[in-house]
$ cat entry_0.pdb   # PDB, C-alpha atoms (C1' of nucleotides)
ATOM      1  CA  MET A 722     -23.817 -22.552   2.721
ATOM      2  CA  ASP A 723     -24.488 -20.401   5.686
ATOM      3  CA  SER A 724     -22.268 -17.560   4.758
ATOM      4  CA  LEU A 725     -24.048 -17.284   1.432
ATOM      5  CA  ARG A 726     -27.343 -17.143   3.256
ATOM      6  CA  GLN A 727     -25.986 -14.575   5.645
ATOM      7  CA  PHE A 728     -24.617 -12.639   2.718
ATOM      8  CA  THR A 729     -27.972 -12.667   0.960
ATOM      9  CA  HIS A 730     -29.629 -11.406   4.070
ATOM     10  CA  ARG A 731     -27.192  -8.596   4.608
ATOM     11  CA  LEU A 732     -27.323  -7.552   1.002
ATOM     12  CA  ARG A 733     -31.096  -7.370   0.936
ATOM     13  CA  ARG A 734     -31.078  -5.306   4.049
ATOM     14  CA  ARG A 735     -29.029  -2.692   2.268
ATOM     15  CA  ASP A 736     -30.708  -2.810  -1.048
ATOM     16  CA  ARG A 737     -27.763  -4.459  -2.670
ATOM     17  CA  ARG A 738     -27.956  -7.256  -5.211
ATOM     18  CA  ILE A 739     -26.848 -10.811  -5.240
ATOM     19  CA  THR A 740     -24.984 -11.266  -8.459
ATOM     20  CA  GLY A 741     -22.923 -13.950 -10.081
ATOM     21  CA  PRO A 742     -19.545 -12.297  -9.540
ATOM     22  CA  ARG A 743     -20.283 -11.621  -5.892
ATOM     23  CA  GLN A 744     -21.284 -15.174  -5.185
ATOM     24  CA  ALA A 745     -18.276 -16.473  -7.049
ATOM     25  CA  ILE A 746     -15.963 -14.233  -5.072
ATOM     26  CA  LEU A 747     -17.459 -15.410  -1.816
ATOM     27  CA  GLU A 748     -17.008 -19.024  -2.897
ATOM     28  CA  THR A 749     -13.402 -18.369  -3.717
ATOM     29  CA  LEU A 750     -12.731 -16.709  -0.402
ATOM     30  CA  ARG A 751     -14.488 -19.485   1.443
ATOM     31  CA  ALA A 752     -12.265 -22.084  -0.177
ATOM     32  CA  GLN A 753      -9.128 -20.390   1.170
ATOM     33  CA  GLU A 754      -7.819 -20.193   4.649
ATOM     34  CA  HIS A 755      -5.297 -17.495   3.922
ATOM     35  CA  PRO A 756      -5.748 -13.946   2.790
ATOM     36  CA  LEU A 757      -6.026 -13.530  -0.962
ATOM     37  CA  ALA A 758      -4.928 -10.626  -3.112
ATOM     38  CA  ILE A 759      -7.437  -9.174  -5.548
ATOM     39  CA  ARG A 760      -5.467 -10.581  -8.439
ATOM     40  CA  GLN A 761      -5.521 -14.030  -6.910
ATOM     41  CA  ILE A 762      -9.242 -13.888  -6.338
ATOM     42  CA  HIS A 763      -9.761 -12.720  -9.870
ATOM     43  CA  ASP A 764      -7.652 -15.508 -11.334
ATOM     44  CA  ALA A 765      -9.352 -18.144  -9.226
ATOM     45  CA  LEU A 766     -12.872 -17.335 -10.369
ATOM     46  CA  HIS A 767     -14.419 -20.054 -12.498
ATOM     47  CA  GLU A 768     -16.837 -17.666 -14.050
ATOM     48  CA  PRO A 769     -14.496 -14.769 -14.771
ATOM     49  CA  CYS A 770     -15.394 -11.145 -14.325
ATOM     50  CA  ASP A 771     -13.612  -7.848 -14.646
ATOM     51  CA  LEU A 772     -10.863  -6.915 -12.204
ATOM     52  CA  ALA A 773     -12.705  -3.684 -11.429
ATOM     53  CA  THR A 774     -15.686  -5.730 -10.393
ATOM     54  CA  VAL A 775     -13.578  -7.651  -7.907
ATOM     55  CA  TYR A 776     -12.214  -4.407  -6.505
ATOM     56  CA  ARG A 777     -15.709  -3.053  -6.135
ATOM     57  CA  ALA A 778     -16.999  -6.247  -4.597
ATOM     58  CA  MET A 779     -14.210  -6.309  -2.039
ATOM     59  CA  HIS A 780     -14.990  -2.775  -0.966
ATOM     60  CA  MET A 781     -18.593  -3.699  -0.557
ATOM     61  CA  LEU A 782     -17.833  -6.863   1.386
ATOM     62  CA  GLU A 783     -15.482  -4.900   3.587
ATOM     63  CA  ASP A 784     -18.090  -2.220   4.275
ATOM     64  CA  MET A 785     -20.535  -4.939   5.146
ATOM     65  CA  GLY A 786     -18.073  -6.439   7.553
ATOM     66  CA  MET A 787     -17.953  -9.769   5.787
ATOM     67  CA  VAL A 788     -14.369  -9.549   4.782
ATOM     68  CA  LYS A 789     -11.256  -8.248   6.474
ATOM     69  CA  ARG A 790      -8.467  -6.414   4.707
ATOM     70  CA  PHE A 791      -4.871  -7.177   5.576
ATOM     71  CA  ASP A 792      -1.762  -5.348   4.626
ATOM     72  CA  PHE A 793       1.486  -7.279   4.487
ATOM     73  CA  GLY A 794       3.424  -4.205   3.536
ATOM     74  CA  ASP A 795       4.037  -5.173  -0.065
ATOM     75  CA  GLY A 796       1.617  -2.692  -1.548
ATOM     76  CA  THR A 797      -1.073  -5.257  -2.266
ATOM     77  CA  ALA A 798      -4.236  -5.574  -0.240
ATOM     78  CA  ARG A 799      -5.281  -9.043   0.854
ATOM     79  CA  PHE A 800      -8.652 -10.222   2.048
ATOM     80  CA  GLU A 801     -10.059 -12.951   4.226
ATOM     81  CA  LEU A 802     -13.628 -13.940   4.748
ATOM     82  CA  ILE A 803     -14.674 -13.316   8.316
ATOM     83  CA  ALA A 804     -15.915 -16.588   9.741
ATOM     84  CA  GLU A 805     -19.307 -16.666  11.376
ATOM     85  CA  GLY A 806     -19.347 -15.702  14.991
ATOM     86  CA  ASP A 807     -15.781 -14.517  14.639
ATOM     87  CA  ASP A 808     -14.697 -10.925  14.807
ATOM     88  CA  GLY A 809     -11.976 -11.582  12.295
ATOM     89  CA  HIS A 810      -9.343 -10.304  14.671
ATOM     90  CA  HIS A 811      -6.145 -12.205  14.169
ATOM     91  CA  HIS A 812      -2.719 -11.662  12.751
ATOM     92  CA  HIS A 813      -0.251 -13.379  10.451
ATOM     93  CA  LEU A 814       3.275 -14.596  10.444
ATOM     94  CA  ILE A 815       4.776 -14.160   7.016
ATOM     95  CA  CYS A 816       7.998 -15.600   5.690
ATOM     96  CA  ARG A 817      10.190 -12.798   4.446
ATOM     97  CA  ASN A 818      11.658 -15.117   1.874
ATOM     98  CA  CYS A 819       8.881 -17.265   0.401
ATOM     99  CA  ALA A 820       5.828 -15.367   1.621
ATOM    100  CA  THR A 821       4.326 -18.410   3.346
ATOM    101  CA  VAL A 822       1.563 -17.257   5.658
ATOM    102  CA  VAL A 823       0.606 -18.683   9.035
ATOM    103  CA  GLU A 824      -2.441 -17.471  10.910
ATOM    104  CA  ILE A 825      -1.736 -16.291  14.436
ATOM    105  CA  GLU A 826      -4.535 -16.207  16.956
ATOM    106  CA  GLU A 827      -2.510 -14.806  19.813
ATOM    107  CA  CYS A 828      -2.364 -11.108  20.435
ATOM    108  CA  PHE A 829      -1.048  -8.821  23.136
ATOM    109  CA  SER A 830      -3.272  -7.932  26.066
ATOM    110  CA  LYS A 831      -6.056  -5.455  25.662
ATOM    111  CA  LYS A 832      -4.644  -3.581  28.605
ATOM    112  CA  LEU A 833      -1.775  -2.340  26.514
ATOM    113  CA  GLU A 834      -4.137  -0.928  23.952
ATOM    114  CA  GLN A 835      -6.329   0.548  26.635
ATOM    115  CA  ARG A 836      -3.358   2.186  28.271
ATOM    116  CA  ILE A 837      -2.208   3.677  25.009
ATOM    117  CA  ALA A 838      -5.675   5.025  24.377
ATOM    118  CA  ASN A 839      -5.904   6.581  27.851
ATOM    119  CA  GLN A 840      -2.457   8.074  27.836
ATOM    120  CA  ASN A 841      -3.127   9.895  24.604
ATOM    121  CA  GLY A 842      -6.783  10.695  24.969
ATOM    122  CA  PHE A 843      -7.698   8.597  21.958
ATOM    123  CA  THR A 844     -10.802   6.438  21.717
ATOM    124  CA  ALA A 845     -11.998   3.566  19.555
ATOM    125  CA  LEU A 846      -8.579   1.988  19.243
ATOM    126  CA  THR A 847      -7.741  -0.729  16.789
ATOM    127  CA  HIS A 848      -4.420  -1.943  15.562
ATOM    128  CA  LYS A 849      -2.666  -3.594  12.666
ATOM    129  CA  LEU A 850      -0.089  -6.181  13.606
ATOM    130  CA  GLU A 851       1.764  -8.620  11.415
ATOM    131  CA  PHE A 852       4.833 -10.707  12.138
ATOM    132  CA  PHE A 853       7.635 -11.430   9.724
ATOM    133  CA  GLY A 854      10.379 -14.015   9.905
ATOM    134  CA  LEU A 855      12.027 -16.922   8.160
ATOM    135  CA  CYS A 856      10.015 -20.094   7.866
ATOM    136  CA  PRO A 857      11.562 -23.500   8.611
ATOM    137  CA  THR A 858      12.195 -24.161   4.933
ATOM    138  CA  CYS A 859      13.850 -20.850   4.212
ATOM    139  CA  GLN A 860      16.193 -20.638   7.154
TER     140      GLN A 860
ATOM    141  CA  MET B 591      25.349  17.840  13.456
ATOM    142  CA  ASP B 592      26.314  14.405  14.545
ATOM    143  CA  SER B 593      23.998  12.507  12.298
ATOM    144  CA  LEU B 594      25.487  14.296   9.315
ATOM    145  CA  ARG B 595      28.946  13.307  10.425
ATOM    146  CA  GLN B 596      27.813   9.765  10.980
ATOM    147  CA  PHE B 597      26.178   9.790   7.599
ATOM    148  CA  THR B 598      29.330  11.021   5.904
ATOM    149  CA  HIS B 599      31.303   8.292   7.537
ATOM    150  CA  ARG B 600      28.917   5.554   6.550
ATOM    151  CA  LEU B 601      28.730   6.812   3.020
ATOM    152  CA  ARG B 602      32.480   6.939   2.541
ATOM    153  CA  ARG B 603      32.749   3.451   3.861
ATOM    154  CA  ARG B 604      30.515   2.230   1.082
ATOM    155  CA  ASP B 605      31.861   4.300  -1.698
ATOM    156  CA  ARG B 606      28.798   6.431  -1.813
ATOM    157  CA  ARG B 607      28.809  10.157  -2.300
ATOM    158  CA  ILE B 608      27.696  13.006  -0.155
ATOM    159  CA  THR B 609      25.520  15.143  -2.337
ATOM    160  CA  GLY B 610      23.333  18.170  -1.918
ATOM    161  CA  PRO B 611      20.035  16.355  -2.195
ATOM    162  CA  ARG B 612      21.082  13.736   0.328
ATOM    163  CA  GLN B 613      22.163  16.270   2.885
ATOM    164  CA  ALA B 614      19.012  18.271   2.336
ATOM    165  CA  ILE B 615      16.865  15.195   2.833
ATOM    166  CA  LEU B 616      18.641  14.352   6.053
ATOM    167  CA  GLU B 617      18.126  17.905   7.272
ATOM    168  CA  THR B 618      14.470  17.680   6.495
ATOM    169  CA  LEU B 619      14.076  14.389   8.297
ATOM    170  CA  ARG B 620      15.999  15.688  11.253
ATOM    171  CA  ALA B 621      13.674  18.639  11.596
ATOM    172  CA  GLN B 622      10.659  16.363  11.951
ATOM    173  CA  GLU B 623       9.656  14.151  14.777
ATOM    174  CA  HIS B 624       7.044  12.277  12.812
ATOM    175  CA  PRO B 625       7.360  10.024   9.814
ATOM    176  CA  LEU B 626       7.324  11.839   6.504
ATOM    177  CA  ALA B 627       6.025  10.663   3.162
ATOM    178  CA  ILE B 628       8.298  10.964   0.162
ATOM    179  CA  ARG B 629       6.105  13.689  -1.239
ATOM    180  CA  GLN B 630       6.327  15.644   1.993
ATOM    181  CA  ILE B 631      10.073  15.355   2.096
ATOM    182  CA  HIS B 632      10.284  16.450  -1.493
ATOM    183  CA  ASP B 633       8.070  19.475  -0.921
ATOM    184  CA  ALA B 634       9.964  20.500   2.193
ATOM    185  CA  LEU B 635      13.372  20.665   0.525
ATOM    186  CA  HIS B 636      14.731  24.182   0.235
ATOM    187  CA  GLU B 637      17.000  23.217  -2.582
ATOM    188  CA  PRO B 638      14.588  21.170  -4.655
ATOM    189  CA  CYS B 639      15.480  17.967  -6.443
ATOM    190  CA  ASP B 640      13.663  15.396  -8.464
ATOM    191  CA  LEU B 641      11.130  13.104  -6.814
ATOM    192  CA  ALA B 642      12.997  10.094  -8.185
ATOM    193  CA  THR B 643      16.084  11.307  -6.377
ATOM    194  CA  VAL B 644      14.205  11.337  -3.101
ATOM    195  CA  TYR B 645      12.936   7.829  -3.729
ATOM    196  CA  ARG B 646      16.446   6.648  -4.467
ATOM    197  CA  ALA B 647      17.888   8.438  -1.467
ATOM    198  CA  MET B 648      15.332   6.894   0.856
ATOM    199  CA  HIS B 649      16.184   3.423  -0.364
ATOM    200  CA  MET B 650      19.798   4.098   0.242
ATOM    201  CA  LEU B 651      19.232   5.525   3.693
ATOM    202  CA  GLU B 652      17.067   2.552   4.530
ATOM    203  CA  ASP B 653      19.703   0.092   3.366
ATOM    204  CA  MET B 654      22.240   1.926   5.459
ATOM    205  CA  GLY B 655      19.992   1.649   8.466
ATOM    206  CA  MET B 656      19.742   5.385   8.928
ATOM    207  CA  VAL B 657      16.076   5.611   8.263
ATOM    208  CA  LYS B 658      13.086   3.463   9.130
ATOM    209  CA  ARG B 659      10.148   2.858   6.848
ATOM    210  CA  PHE B 660       6.632   2.870   8.267
ATOM    211  CA  ASP B 661       3.433   1.813   6.686
ATOM    212  CA  PHE B 662       0.211   3.358   7.917
ATOM    213  CA  GLY B 663      -1.846   1.318   5.520
ATOM    214  CA  ASP B 664      -2.725   4.139   3.168
ATOM    215  CA  GLY B 665      -0.465   3.035   0.366
ATOM    216  CA  THR B 666       2.193   5.635   1.061
ATOM    217  CA  ALA B 667       5.524   4.850   2.660
ATOM    218  CA  ARG B 668       6.686   7.104   5.473
ATOM    219  CA  PHE B 669      10.161   7.515   6.861
ATOM    220  CA  GLU B 670      11.765   8.545  10.097
ATOM    221  CA  LEU B 671      15.370   9.198  10.818
ATOM    222  CA  ILE B 672      16.694   6.670  13.301
ATOM    223  CA  ALA B 673      18.073   8.576  16.255
ATOM    224  CA  GLU B 674      21.573   7.829  17.364
ATOM    225  CA  GLY B 675      21.890   4.956  19.729
ATOM    226  CA  ASP B 676      18.296   4.044  19.046
ATOM    227  CA  ASP B 677      17.183   0.971  17.194
ATOM    228  CA  GLY B 678      14.260   2.857  15.738
ATOM    229  CA  HIS B 679      11.815   0.351  17.130
ATOM    230  CA  HIS B 680       8.618   2.093  18.042
ATOM    231  CA  HIS B 681       5.082   2.374  16.841
ATOM    232  CA  HIS B 682       2.473   5.019  16.139
ATOM    233  CA  LEU B 683      -1.020   5.928  17.097
ATOM    234  CA  ILE B 684      -2.791   7.495  14.150
ATOM    235  CA  CYS B 685      -6.083   9.339  14.146
ATOM    236  CA  ARG B 686      -8.414   7.701  11.686
ATOM    237  CA  ASN B 687     -10.029  11.047  11.043
ATOM    238  CA  CYS B 688      -7.340  13.712  10.856
ATOM    239  CA  ALA B 689      -4.230  11.532  10.534
ATOM    240  CA  THR B 690      -2.545  13.088  13.565
ATOM    241  CA  VAL B 691       0.364  10.894  14.590
ATOM    242  CA  VAL B 692       1.596  10.142  18.087
ATOM    243  CA  GLU B 693       4.766   8.171  18.689
ATOM    244  CA  ILE B 694       4.299   5.169  20.951
ATOM    245  CA  GLU B 695       7.277   3.731  22.743
ATOM    246  CA  GLU B 696       5.458   0.907  24.417
ATOM    247  CA  CYS B 697       5.297  -2.494  22.822
ATOM    248  CA  PHE B 698       4.139  -5.953  23.816
ATOM    249  CA  SER B 699       6.549  -8.297  25.536
ATOM    250  CA  LYS B 700       9.238 -10.045  23.566
ATOM    251  CA  LYS B 701       7.991 -13.285  25.003
ATOM    252  CA  LEU B 702       4.957 -13.174  22.820
ATOM    253  CA  GLU B 703       7.085 -12.824  19.721
ATOM    254  CA  GLN B 704       9.416 -15.530  20.911
ATOM    255  CA  ARG B 705       6.520 -17.873  21.555
ATOM    256  CA  ILE B 706       5.102 -17.264  18.115
ATOM    257  CA  ALA B 707       8.483 -17.937  16.562
ATOM    258  CA  ASN B 708       8.917 -21.181  18.490
ATOM    259  CA  GLN B 709       5.434 -22.472  17.883
ATOM    260  CA  ASN B 710       5.817 -22.104  14.162
ATOM    261  CA  GLY B 711       9.469 -22.895  13.711
ATOM    262  CA  PHE B 712      10.211 -19.424  12.374
ATOM    263  CA  THR B 713      13.341 -17.455  13.178
ATOM    264  CA  ALA B 714      14.453 -13.851  12.954
ATOM    265  CA  LEU B 715      11.073 -12.435  13.888
ATOM    266  CA  THR B 716      10.145  -8.812  13.498
ATOM    267  CA  HIS B 717       6.764  -7.169  13.437
ATOM    268  CA  LYS B 718       4.863  -4.216  12.163
ATOM    269  CA  LEU B 719       2.414  -2.683  14.611
ATOM    270  CA  GLU B 720       0.443   0.521  14.355
ATOM    271  CA  PHE B 721      -2.516   1.735  16.350
ATOM    272  CA  PHE B 722      -5.487   3.637  15.011
ATOM    273  CA  GLY B 723      -8.150   5.574  16.844
ATOM    274  CA  LEU B 724      -9.867   8.895  17.219
ATOM    275  CA  CYS B 725      -7.832  11.734  18.642
ATOM    276  CA  PRO B 726      -9.247  14.058  21.315
ATOM    277  CA  THR B 727     -10.150  16.676  18.730
ATOM    278  CA  CYS B 728     -11.932  14.337  16.377
ATOM    279  CA  GLN B 729     -14.046  12.404  18.823
TER     280      GLN B 729
ATOM    281  C1'  DT C 120      43.145  19.300 -12.380
ATOM    282  C1'  DC C 121      41.832  14.804 -14.616
ATOM    283  C1'  DC C 122      39.572  10.448 -14.520
ATOM    284  C1'  DT C 123      36.425   7.130 -12.968
ATOM    285  C1'  DT C 124      32.339   6.040 -10.719
ATOM    286  C1'  DT C 125      28.314   7.502  -8.653
ATOM    287  C1'  DT C 126      24.241  10.648  -8.973
ATOM    288  C1'  DT C 127      20.826  13.300 -10.884
ATOM    289  C1'  DG C 128      17.008  14.921 -13.852
ATOM    290  C1'  DC C 129      13.754  13.678 -17.058
ATOM    291  C1'  DA C 130      10.658  10.988 -19.192
ATOM    292  C1'  DA C 131       8.667   6.770 -19.702
ATOM    293  C1'  DA C 132       7.344   2.318 -17.540
ATOM    294  C1'  DT C 133       5.073  -0.416 -13.725
ATOM    295  C1'  DA C 134       1.504  -1.740 -10.624
ATOM    296  C1'  DA C 135      -2.301  -1.411  -7.755
ATOM    297  C1'  DT C 136      -6.465   0.748  -7.529
ATOM    298  C1'  DT C 137     -10.230   3.926  -8.866
ATOM    299  C1'  DT C 138     -13.631   5.993 -11.820
ATOM    300  C1'  DG C 139     -16.864   7.542 -15.788
ATOM    301  C1'  DC C 140     -20.213   5.787 -18.506
ATOM    302  C1'  DA C 141     -23.225   3.217 -21.280
ATOM    303  C1'  DA C 142     -25.124  -1.374 -21.499
ATOM    304  C1'  DC C 143     -27.074  -4.848 -18.574
ATOM    305  C1'  DT C 144     -29.515  -7.299 -14.846
ATOM    306  C1'  DA C 145     -31.561  -8.236 -10.223
ATOM    307  C1'  DC C 146     -35.396  -7.214  -7.603
ATOM    308  C1'  DT C 147     -39.934  -5.348  -6.726
ATOM    309  C1'  DA C 148     -44.408  -3.698  -7.427
ATOM    310  C1'  DA C 149     -48.457  -4.569 -10.028
TER     311       DA C 149
ATOM    312  C1'  DT D 326     -45.253 -12.812 -15.390
ATOM    313  C1'  DT D 327     -43.855  -8.470 -16.619
ATOM    314  C1'  DA D 328     -42.282  -3.782 -16.731
ATOM    315  C1'  DG D 329     -39.755  -0.232 -14.342
ATOM    316  C1'  DT D 330     -36.178   1.317 -11.363
ATOM    317  C1'  DA D 331     -32.065   1.240  -9.162
ATOM    318  C1'  DG D 332     -27.977  -1.190  -8.549
ATOM    319  C1'  DT D 333     -24.060  -3.666 -11.346
ATOM    320  C1'  DT D 334     -20.850  -4.756 -14.755
ATOM    321  C1'  DG D 335     -17.331  -4.389 -18.436
ATOM    322  C1'  DC D 336     -14.271  -1.506 -20.666
ATOM    323  C1'  DA D 337     -11.202   1.945 -21.093
ATOM    324  C1'  DA D 338      -9.068   5.704 -19.278
ATOM    325  C1'  DA D 339      -7.411   8.123 -15.143
ATOM    326  C1'  DT D 340      -4.898   8.168 -10.620
ATOM    327  C1'  DT D 341      -1.270   7.445  -7.424
ATOM    328  C1'  DA D 342       2.916   5.630  -5.649
ATOM    329  C1'  DT D 343       7.025   3.940  -7.095
ATOM    330  C1'  DT D 344      10.673   2.298 -10.293
ATOM    331  C1'  DT D 345      13.826   2.454 -14.130
ATOM    332  C1'  DG D 346      16.702   3.616 -18.494
ATOM    333  C1'  DC D 347      19.784   6.814 -20.001
ATOM    334  C1'  DA D 348      22.619  10.639 -21.018
ATOM    335  C1'  DA D 349      24.432  14.670 -18.729
ATOM    336  C1'  DA D 350      26.452  16.384 -14.392
ATOM    337  C1'  DA D 351      28.962  16.094 -10.116
ATOM    338  C1'  DA D 352      31.902  13.942  -6.358
ATOM    339  C1'  DG D 353      36.163  12.233  -4.608
ATOM    340  C1'  DG D 354      40.576  10.254  -5.212
ATOM    341  C1'  DA D 355      45.151  10.312  -7.768
TER     342       DA D 355
END
$ encode --input "entry_0.pdb" --output "structure tokens"
Amino acid sequence: MDSLRQFTHRLRRRDRRITGPRQAILETLRAQEHPLAIRQIHDALHEPCDLATVYRAMHMLEDMGMVKRFDFGDGTARFELIAEGDDGHHHHLICRNCATVVEIEECFSKKLEQRIANQNGFTALTHKLEFFGLCPTCQ
Amino acid sequence: MDSLRQFTHRLRRRDRRITGPRQAILETLRAQEHPLAIRQIHDALHEPCDLATVYRAMHMLEDMGMVKRFDFGDGTARFELIAEGDDGHHHHLICRNCATVVEIEECFSKKLEQRIANQNGFTALTHKLEFFGLCPTCQ
DNA sequence: TCCTTTTTGCAAATAATTTGCAACTACTAA
DNA sequence: TTAGTAGTTGCAAATTATTTGCAAAAAGGA
């Protein structure tokens, strides 16, 4: 319930509206622990809406920092709701064969990133990292 | 010159042919130190060929392990020639503003990857990792 | 040089995503 | 509660990257 409340609050703050499709999309994302593709979100909605609406909603949620976009390298964006009090920073381990996804909380040390930033004079570093392999079933 | 010779050898071995477009593409890749998008490769060819031919050639070069595909998350595949004696494993630091690319040789320790594999029962792990930030000019 | 197999160019097909626009609806001010 | 305004939606068409079918052209071996 809280994320809906939080959502409402953030929307109002930006003069954005709380609509049926947006609430439904949030519900759908909340029910999943893994990243969902737009198509999957769309198909899972009980009260269906246009695909374009889902695309637009995801952009908005992303801009508002409520959702994180992941890229598994297959040309399809996937999204996860960012849990409360979480920064959403985590990675995935994806089976190359069956596409099973496991969430990975571990990451390399921030020192590495800091060093890379310093050595190249870059600031505000972020990174995208995903692991691929063969899951127990597919080996 | 060597990579062309190597290429010829690998092609013959697989009953593939050495054609103008393929040689031209290799030349183009060799002249660049950064990953190139298909469109860029296509536009850089002196002896032009069809875009579809470039797409097909890149698949072939990738299958032959002569080229590595990178994904900067913008929906466009980029390719780099794999240098001789190199495994092609490296990453990039990309400016979020001007898209400048810096090659990064550093990577996190293999132990991390090994641990992730073990903890989840996965094998044959690989990863995709790219860094993003603001370059000195764009800050 | 001839023959077989691989390649290429071209155009059309896919797929994910974006966009223009008119109809519609959430929110706010009264 | 209601009207007005600004944000949203559905629909269809446009974009972009990439793939594919197919007939004509080219490569490499005999």
$ residues_near_point --input "entry_0.pdb" --point "(5.1, 2.2, 7.6)" --cutoff "12 Å" --atoms "all atoms listed in the file" --output "compact mmCIF listing (two decimals) with C-alpha atoms, in the frame of the given file"
# COMPACT_ATOMS: atom_id res chain seq x y z
CA ASP A 792 -1.76 -5.35 4.63
CA PHE A 793 1.49 -7.28 4.49
CA GLY A 794 3.42 -4.20 3.54
CA ASP A 795 4.04 -5.17 -0.06
CA GLY A 796 1.62 -2.69 -1.55
CA LYS A 849 -2.67 -3.59 12.67
CA LEU A 850 -0.09 -6.18 13.61
CA GLU A 851 1.76 -8.62 11.42
CA HIS B 624 7.04 12.28 12.81
CA PRO B 625 7.36 10.02 9.81
CA LEU B 626 7.32 11.84 6.50
CA ALA B 627 6.02 10.66 3.16
CA ILE B 628 8.30 10.96 0.16
CA VAL B 657 16.08 5.61 8.26
CA LYS B 658 13.09 3.46 9.13
CA ARG B 659 10.15 2.86 6.85
CA PHE B 660 6.63 2.87 8.27
CA ASP B 661 3.43 1.81 6.69
CA PHE B 662 0.21 3.36 7.92
CA GLY B 663 -1.85 1.32 5.52
CA ASP B 664 -2.72 4.14 3.17
CA GLY B 665 -0.46 3.04 0.37
CA THR B 666 2.19 5.64 1.06
CA ALA B 667 5.52 4.85 2.66
CA ARG B 668 6.69 7.10 5.47
CA PHE B 669 10.16 7.52 6.86
CA GLU B 670 11.76 8.54 10.10
CA HIS B 679 11.82 0.35 17.13
CA HIS B 680 8.62 2.09 18.04
CA HIS B 681 5.08 2.37 16.84
CA HIS B 682 2.47 5.02 16.14
CA LEU B 683 -1.02 5.93 17.10
CA ILE B 684 -2.79 7.50 14.15
CA HIS B 717 6.76 -7.17 13.44
CA LYS B 718 4.86 -4.22 12.16
CA LEU B 719 2.41 -2.68 14.61
CA GLU B 720 0.44 0.52 14.36
CA PHE B 721 -2.52 1.74 16.35
$ axis_aligned_box --input "entry_0.pdb" --around "segment 665-681 of chain B" --padding-each-side "4 Å" --output "JSON"
{"center_x": 10.7, "center_y": 4.8, "center_z": 10.0, "size_x": 30.4, "size_y": 16.8, "size_z": 27.4}
$ resolve_selection --input "entry_0.pdb" --expression "the PyMOL selection byres ((chain C) within 10 of (chain A))" --output "VMD selection string"
chain C and resid 134 to 138 144 to 146
$ interface_residues --input "entry_0.pdb" --of "chain B" --to "chain A" --cutoff "6 Å" --atoms "all atoms listed in the file" --output "list in words"
Phe698, Gly711, Phe712, Thr713, Ala714, Leu715, Thr716, His717, Lys718, Leu719, Glu720, Phe721, Phe722, Gly723, Leu724, Cys725 and Pro726 of chain B
$ residues_around --input "entry_0.pdb" --residues "DC121 of chain C" --least-positions-apart "4" --cutoff "12 Å" --atoms "only C-alpha atoms (C1' of nucleotides)" --output "mmCIF file with C-alpha atoms (C1' of nucleotides), in the frame of the given file"
data_model
loop_
_atom_site.group_PDB
_atom_site.id
_atom_site.type_symbol
_atom_site.label_atom_id
_atom_site.label_comp_id
_atom_site.auth_asym_id
_atom_site.auth_seq_id
_atom_site.Cartn_x
_atom_site.Cartn_y
_atom_site.Cartn_z
ATOM 1 C "C1'" DG D 353 36.163 12.233 -4.608
ATOM 2 C "C1'" DG D 354 40.576 10.254 -5.212
ATOM 3 C "C1'" DA D 355 45.151 10.312 -7.768
#
